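As structure tokens, the structure follows; a few thoughts come after it.
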Amino acid sequence: MSGSEKPELIINGKRLDGRMPNQLRDIKIETGVIKNAVGSAYIEWGRNKIVAGVYGPKEALPKHVQDPEKAIIKCRYAMSPFSGVEDHSRSGPNRRSTEISKVTREVFENVVLLEQFPGGEIDLYIDVLQSDGGTRAAGITAAAVALASSGIPMSDIPFAVSVGKVGNQLIMDMDKIEDNYSDADMPVAISPRTGEILLLQMDGNLTKSEVSAGLSMIKEAGETISKIQREALKAPYEKILERYKE
Ligand code: CDP
């Protein structure tokens with residue numbers, strides 16, 4: 001393969017990393033990783049490594065941003081300059097990180113019970129330490145756990161994942177090389193309790209039937225992701241219970 005030539009992404013039904021088309025990468029989540037935060041989570045999603053931290057609710061500042069009816073969410077997604085294989089020189093906000101911060105904030109505005117904290121502010125930080133495709137989805141999934149672990153009331157714990165297309169084949173949860181050479185990428189965040197779609201973006205083209213098949217794959221993968229999120233939230237309490245048993 002020469003530098004710019006498109007690699008074969010699916011060979012004999014398997015992907016370059018050995019996954020089946022509908023298979024997620026391995027996901028591990030841990031809570032309580034930032035002691036100063038009111039809630040935090042660390043996620044390893046394939047080769048992605050991401051930390052999410054939550055602060056607040058506190059008084060929204062400056063005062064003119066306050067909403068007397070409900071709290072506001074401030075969200076800052078950032079990719080560390082050493083996280084990827086490209087762009088090592090760049091750090092600080094850019095168009096991409098501003099967009100991801102915005103769509104992530106909108107996901108959580110739909111599930112955090114903001115009316116309980118009028119005039120308040122909740123700060124959500126997502127820092128990508130290592131990236132390999134799908135960081136917005138992994139960041140949202142981690143941030144949901146960080147928020148839930150903070151005790152801030154929410155109607156649900158959302159998850160996010162992306163489905164992509166290579167030729168005519170839909171593939172679950174693309175890594176960076178797949179993302180680079182795929183024909184489409186559709187990151188989606190869902191509230192699993194209601195099935196409500198909280199985020200849907202699309203890069204490339206998918207037909208109507210591919211969108212609905214992709215959403216079905218995402219809902220199925222969501223069962224696995226939600227279970228990992230719940231287990232991460234339960235783990236610290238299970239450790240305490242274990243201690244009582246000894
Ligand atoms: O990470 P996500 O798939 O949500 O967003 P993207 O903009 O589609 O980026 C895909 C991947 O490209 C990221 O996960 C990174 O691995 C890589 N990337 C990078 O290394 N440096 C950037 N400035 C942007 C993306």
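Ordering of the structure tokens sets the chain letters (A, B, ...), residue numbers begin anew at 1 in every chain, and ligands are numbered from 1 in the order given.
Shell of range 128-130 of chain A at 9 Å, with only C-alpha atoms counted and residues fewer than 4 places along the chain excluded, is Arg47, Asn48, Lys49, Ile50, Val51, Ala52, Tyr77, Ala78, Met79, Ser80, Pro81, Phe82, Ser83, Gly84, Thr135 and Gly139 of chain A.
If you count only C-alpha atoms and ignore residues fewer than 4 places along the chain from Ser182 in chain A, what sits within 12 Å of it is Lys6, Pro7, Glu8, Leu9, Ile10, Gly133, Val163, Gly164, Lys165, Val166, Gly167, Asn168, Gln169, Leu170, Ile171, Met172, Asp173, Met174, Asp175, Lys176, Ile177, Glu178, Met186, Asp203, Gly204, Asn205 and Leu206 of chain A.
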Quick one: write out the picked residues with N, CA, C and O atoms as a short mmCIF file (atom, residue, chain, number, x, y, z; two decimals), in the first residue's frame?
data_model
loop_
_atom_site.label_atom_id
_atom_site.label_comp_id
_atom_site.auth_asym_id
_atom_site.auth_seq_id
_atom_site.Cartn_x
_atom_site.Cartn_y
_atom_site.Cartn_z
N LYS A 6 -6.10 3.80 -0.69
CA LYS A 6 -7.09 3.38 0.29
C LYS A 6 -6.88 1.91 0.67
O LYS A 6 -6.89 1.05 -0.21
N PRO A 7 -6.69 1.60 1.95
CA PRO A 7 -6.48 0.20 2.30
C PRO A 7 -7.81 -0.58 2.27
O PRO A 7 -8.88 0.02 2.39
N GLU A 8 -7.71 -1.88 2.11
CA GLU A 8 -8.88 -2.76 2.18
C GLU A 8 -9.27 -2.83 3.66
O GLU A 8 -8.47 -3.29 4.49
N LEU A 9 -10.47 -2.34 4.01
CA LEU A 9 -10.81 -2.27 5.45
C LEU A 9 -11.50 -3.53 5.96
O LEU A 9 -11.51 -3.79 7.15
N ILE A 10 -12.09 -4.30 5.02
CA ILE A 10 -12.75 -5.55 5.43
C ILE A 10 -12.21 -6.66 4.54
O ILE A 10 -12.33 -6.60 3.32
N GLY A 133 -10.05 7.65 16.96
CA GLY A 133 -11.36 7.61 16.28
C GLY A 133 -12.49 7.41 17.27
O GLY A 133 -12.40 6.57 18.17
N VAL A 163 -21.56 4.66 14.06
CA VAL A 163 -21.62 3.59 13.08
C VAL A 163 -21.10 4.17 11.76
O VAL A 163 -21.30 5.35 11.48
N GLY A 164 -20.39 3.35 11.02
CA GLY A 164 -19.80 3.85 9.77
C GLY A 164 -20.16 2.96 8.61
O GLY A 164 -20.82 1.93 8.77
N LYS A 165 -19.71 3.37 7.42
CA LYS A 165 -20.00 2.58 6.22
C LYS A 165 -18.73 2.43 5.40
O LYS A 165 -18.01 3.41 5.15
N VAL A 166 -18.47 1.18 5.02
CA VAL A 166 -17.35 0.90 4.12
C VAL A 166 -17.94 0.16 2.93
O VAL A 166 -18.47 -0.94 3.07
N GLY A 167 -17.92 0.78 1.77
CA GLY A 167 -18.62 0.19 0.61
C GLY A 167 -20.10 0.14 0.93
O GLY A 167 -20.70 1.16 1.27
N ASN A 168 -20.66 -1.08 0.91
CA ASN A 168 -22.08 -1.21 1.26
C ASN A 168 -22.26 -1.78 2.65
O ASN A 168 -23.38 -2.13 3.05
N GLN A 169 -21.17 -1.91 3.38
CA GLN A 169 -21.23 -2.59 4.68
C GLN A 169 -21.24 -1.56 5.82
O GLN A 169 -20.37 -0.68 5.87
N LEU A 170 -22.21 -1.69 6.73
CA LEU A 170 -22.21 -0.84 7.92
C LEU A 170 -21.29 -1.46 8.96
O LEU A 170 -21.32 -2.69 9.16
N ILE A 171 -20.48 -0.66 9.60
CA ILE A 171 -19.59 -1.17 10.63
C ILE A 171 -19.72 -0.35 11.91
O ILE A 171 -19.87 0.87 11.88
N MET A 172 -19.70 -1.06 13.02
CA MET A 172 -19.90 -0.45 14.33
C MET A 172 -18.59 0.12 14.85
O MET A 172 -17.55 -0.51 14.73
N ASP A 173 -18.64 1.34 15.40
CA ASP A 173 -17.55 1.86 16.23
C ASP A 173 -16.20 1.88 15.50
O ASP A 173 -15.30 1.11 15.81
N MET A 174 -16.06 2.81 14.55
CA MET A 174 -14.85 2.85 13.73
C MET A 174 -13.65 3.40 14.50
O MET A 174 -13.78 4.34 15.27
N ASP A 175 -12.50 2.80 14.24
CA ASP A 175 -11.27 3.39 14.78
C ASP A 175 -10.73 4.39 13.75
O ASP A 175 -11.35 4.62 12.70
N LYS A 176 -9.58 4.95 14.05
CA LYS A 176 -9.09 6.07 13.23
C LYS A 176 -8.85 5.67 11.77
O LYS A 176 -9.25 6.38 10.85
N ILE A 177 -8.23 4.54 11.56
CA ILE A 177 -7.93 4.16 10.17
C ILE A 177 -9.21 3.91 9.39
O ILE A 177 -9.35 4.31 8.23
N GLU A 178 -10.21 3.30 10.05
CA GLU A 178 -11.50 3.08 9.39
C GLU A 178 -12.17 4.43 9.12
O GLU A 178 -12.72 4.66 8.04
N MET A 186 -21.50 8.05 11.36
CA MET A 186 -22.70 8.62 12.01
C MET A 186 -22.62 8.44 13.53
O MET A 186 -23.02 7.40 14.05
N ASP A 203 -21.25 12.32 8.65
CA ASP A 203 -20.18 12.73 7.77
C ASP A 203 -20.23 11.73 6.61
O ASP A 203 -20.15 10.53 6.84
N GLY A 204 -20.41 12.17 5.39
CA GLY A 204 -20.59 11.24 4.27
C GLY A 204 -22.07 11.02 4.02
O GLY A 204 -22.91 11.74 4.57
N ASN A 205 -22.37 10.03 3.20
CA ASN A 205 -23.78 9.80 2.83
C ASN A 205 -24.24 8.42 3.26
O ASN A 205 -23.56 7.43 3.04
N LEU A 206 -25.45 8.39 3.84
CA LEU A 206 -26.11 7.12 4.15
C LEU A 206 -27.52 7.20 3.59
O LEU A 206 -28.15 8.26 3.66
#
Option closest in space to Glu115 in chain A, from A:Gln201, A:Ala138, A:Ser131, A:Pro153 [counting only C-alpha atoms] = A:Pro153
For Pro192 in chain A, work out the shell of residues within 8 Å, counting only C-alpha atoms and skipping chain neighbours fewer than 4 positions away, then give it as number ranges by chain.
-> A: 156-159, 196, 219, 222, 226
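Of the residues under consideration (A:Val103, A:Ile190, A:Ile225, A:Leu113), A:Val103 shows the shortest atom-to-atom contact distance to ligand 1 when counting only C-alpha atoms and all ligand atoms.
Nearest residue to Asp185 in chain A, choosing from A:Gly134, A:Pro236, A:Gly53, A:Pro68 and counting only C-alpha atoms: A:Gly134.
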Please report, as a ChimeraX atom specification, each residue of range 119-198 of chain A to which DSSP assigns strand (DSSP E) when run on this structure's backbone.
-> /A:120-130,159-166,169-172,184-191,196-198
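When only C-alpha atoms and all ligand atoms are used to compute distances to ligand 1, the closest of the residues A:Met202, A:Ile72, A:Val145, A:Leu61 turns out to be A:Met202.
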Helix (DSSP H, G or I) residues, from DSSP on the backbone, in range 54-152 of chain A, as a ChimeraX atom specification = /A:63-65,95-109,114-116,135-150
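Taking only C-alpha atoms and all ligand atoms into account, ligand 1 lies nearest to A:Val85 out of the set A:Val85, A:Ala184, A:Ala235, A:Ala189.
Each of A:Leu24, A:Ala148, A:Ile140, A:Ile11 was checked against ligand 1 using only C-alpha atoms and all ligand atoms; the smallest atom-to-atom distance is that of A:Ile140.
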Tell me which protein, DNA and RNA residues are within 6 Å of Glu30 in chain A, counting only C-alpha atoms, leaving out same-chain ones fewer than 3 positions away, and put them as a VMD selection string.
-> chain A and resid 41 to 42 232
Can those selected residues be exported to a file as a compact mmCIF listing (two decimals), in the first residue's frame so that it contains N, CA, C and O atoms?
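What ended up in again.txt:
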# COMPACT_ATOMS: atom_id res chain seq x y z
N ALA A 41 -14.74 10.36 35.55
CA ALA A 41 -14.66 9.02 34.96
C ALA A 41 -13.50 8.98 33.97
O ALA A 41 -13.18 9.99 33.33
N TYR A 42 -12.88 7.82 33.90
CA TYR A 42 -11.82 7.57 32.93
C TYR A 42 -12.30 6.43 32.03
O TYR A 42 -12.80 5.42 32.54
N ALA A 232 -19.50 0.36 36.11
CA ALA A 232 -18.48 1.32 36.60
C ALA A 232 -19.03 2.11 37.77
O ALA A 232 -18.31 2.39 38.74
